[in-house]
Every structure is written in structure tokens, then in C-alpha cells.
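Data block below; observations after.
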Amino acid sequence: MIANCQSCGMPLSKDENGGGTNLDGTLSGEFCSLCYKNGMFVDPDFTAVEMQKHCIQKLQQRGIPRLLAWFMTRGIPKLDRWNTSK
């Protein structure tokens with residue numbers, strides 16, 4: 001099983017809902033519930049850079065310093081959702 005959401009990088013173990021949902025209602029083992037619902041991305045038009053900025057803002061709202069938030073999100077462009085070479 002994948003340890004982190006392949007869209008935002010959040011550890012799936014931290015997802016209150018246990019993960020996003022596929023179209024058939026089953027849990028996704030690849031994406032968190034903040035990024036993926038009913039078989040679709042919540043923000044389908046985001047780029048990897050936009051996702052990184054969004055996550056930095058959300059982390060800052062939770063009291064995490066900007067530099068640490070950036071560090072925590074720097075791997076987003078390498079995640080499966082953003083990997084265009086697949």
C-alpha cells in the first residue's frame with residue numbers, strides 16, 4: 001500500500017476518512033479524501049505547483065511556519081498524479 005497521497009503527499013494514515021473514494025464508493029489506496037472523491041479529483045485543474053501552493057497555505061493555517069510547509073510539500077511534483085511520463 002502507498003504511504004502518502006499521490007496528489008498532495010499527505011500521509012494516508014493521517015486521513016480522517018481513511019482515504020479518498022473511488023467511483024464505486026471503495027477507498028482509494030492512492031489518494032486522500034481531501035484530493036479525491038467519488039473517483040474524481042477535487043481540484044482537477046490544479047497543476048503540481050498550484051497544489052504545492054495550496055498545501056503550503058493550508059499548513060500555514062494550521063500553524064506550520066512557511067519554510068517548514070514548503071519543505072513538507074517540495075516533493076509534490078514527483079508524485080504519481082503529476083508524473084506525466086507514465
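Please note that chains go A, B, ... in the order of the C-alpha cells, that every chain numbers its residues from 1, and that ligands are numbered from 1 in the order shown.
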**OP:** Could you give me, as number ranges by chain, the residues within 12 Å of stretch 40-50 of chain A, counting only C-alpha atoms and dropping anything in the same chain fewer than 5 positions from it?
**Re:** A: 5-9, 20-25, 28, 30-35, 55-57, 70, 73-84
**OP:** Could you please write out, as a PyMOL selection string, every residue of chain A that DSSP assigns to strand (DSSP E)?
**Re:** chain A and resi 36-37+40-41
Would you export the selected residues with N, CA and C atoms as a PDB file, in the first residue's frame, please?
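The result, stored in again-v8.pdb:
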```
ATOM      1  N   TYR A  36      -9.441  13.506  -3.490  1.00  0.00           N
ATOM      2  CA  TYR A  36     -10.125  12.563  -4.387  1.00  0.00           C
ATOM      3  C   TYR A  36     -11.439  12.098  -3.783  1.00  0.00           C
ATOM      4  N   LYS A  37     -12.541  12.352  -4.491  1.00  0.00           N
ATOM      5  CA  LYS A  37     -13.871  11.947  -4.028  1.00  0.00           C
ATOM      6  C   LYS A  37     -14.683  11.414  -5.201  1.00  0.00           C
ATOM      7  N   MET A  40     -13.046  11.166  -8.621  1.00  0.00           N
ATOM      8  CA  MET A  40     -12.619  12.387  -9.309  1.00  0.00           C
ATOM      9  C   MET A  40     -11.758  13.238  -8.378  1.00  0.00           C
ATOM     10  N   PHE A  41     -10.844  13.981  -8.962  1.00  0.00           N
ATOM     11  CA  PHE A  41     -10.049  14.904  -8.164  1.00  0.00           C
ATOM     12  C   PHE A  41     -10.904  16.100  -7.773  1.00  0.00           C
TER      13      PHE A  41
END
```
Original post:
How many Å lie between atom CA of A:Arg66 and atom CA of A:Gly18, rounded to one decimal?
Top reply: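 Value for the atom CA of A:Arg66-atom CA of A:Gly18 distance: 26.9 Å.
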**OP:** Could you check which of A:Gly39, A:Pro65, A:Thr26, A:Met72 is closest to A:Met10, using only C-alpha atoms?
**Re:** A:Met72
Considering only alpha helix (DSSP H) as DSSP defines it on the backbone, what residues of chain A qualify? List them as a compact mmCIF listing (two decimals) with C-alpha atoms, in the first residue's frame.
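Now in part-v6.txt:
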```
# COMPACT_ATOMS: atom_id res chain seq x y z
CA ALA A 48 1.60 20.44 -9.30
CA VAL A 49 2.80 23.97 -8.46
CA GLU A 50 -0.75 25.09 -7.65
CA MET A 51 -1.21 22.05 -5.41
CA GLN A 52 2.04 22.86 -3.63
CA LYS A 53 0.95 26.48 -3.04
CA HIS A 54 -2.47 25.30 -1.83
CA CYS A 55 -0.92 22.83 0.62
CA ILE A 56 1.55 25.43 1.92
CA GLN A 57 -1.38 27.77 2.66
CA LYS A 58 -3.32 25.01 4.44
CA LEU A 59 -0.30 24.00 6.51
CA GLN A 60 0.33 27.63 7.48
CA GLN A 61 -3.30 27.91 8.61
CA ARG A 66 6.08 28.75 5.77
CA LEU A 67 9.61 27.38 5.34
CA LEU A 68 8.70 24.09 7.00
CA ALA A 69 5.47 23.92 4.97
CA TRP A 70 7.49 24.39 1.78
CA PHE A 71 9.90 21.67 2.87
CA MET A 72 6.99 19.31 3.56
CA THR A 73 5.47 19.91 0.10
```
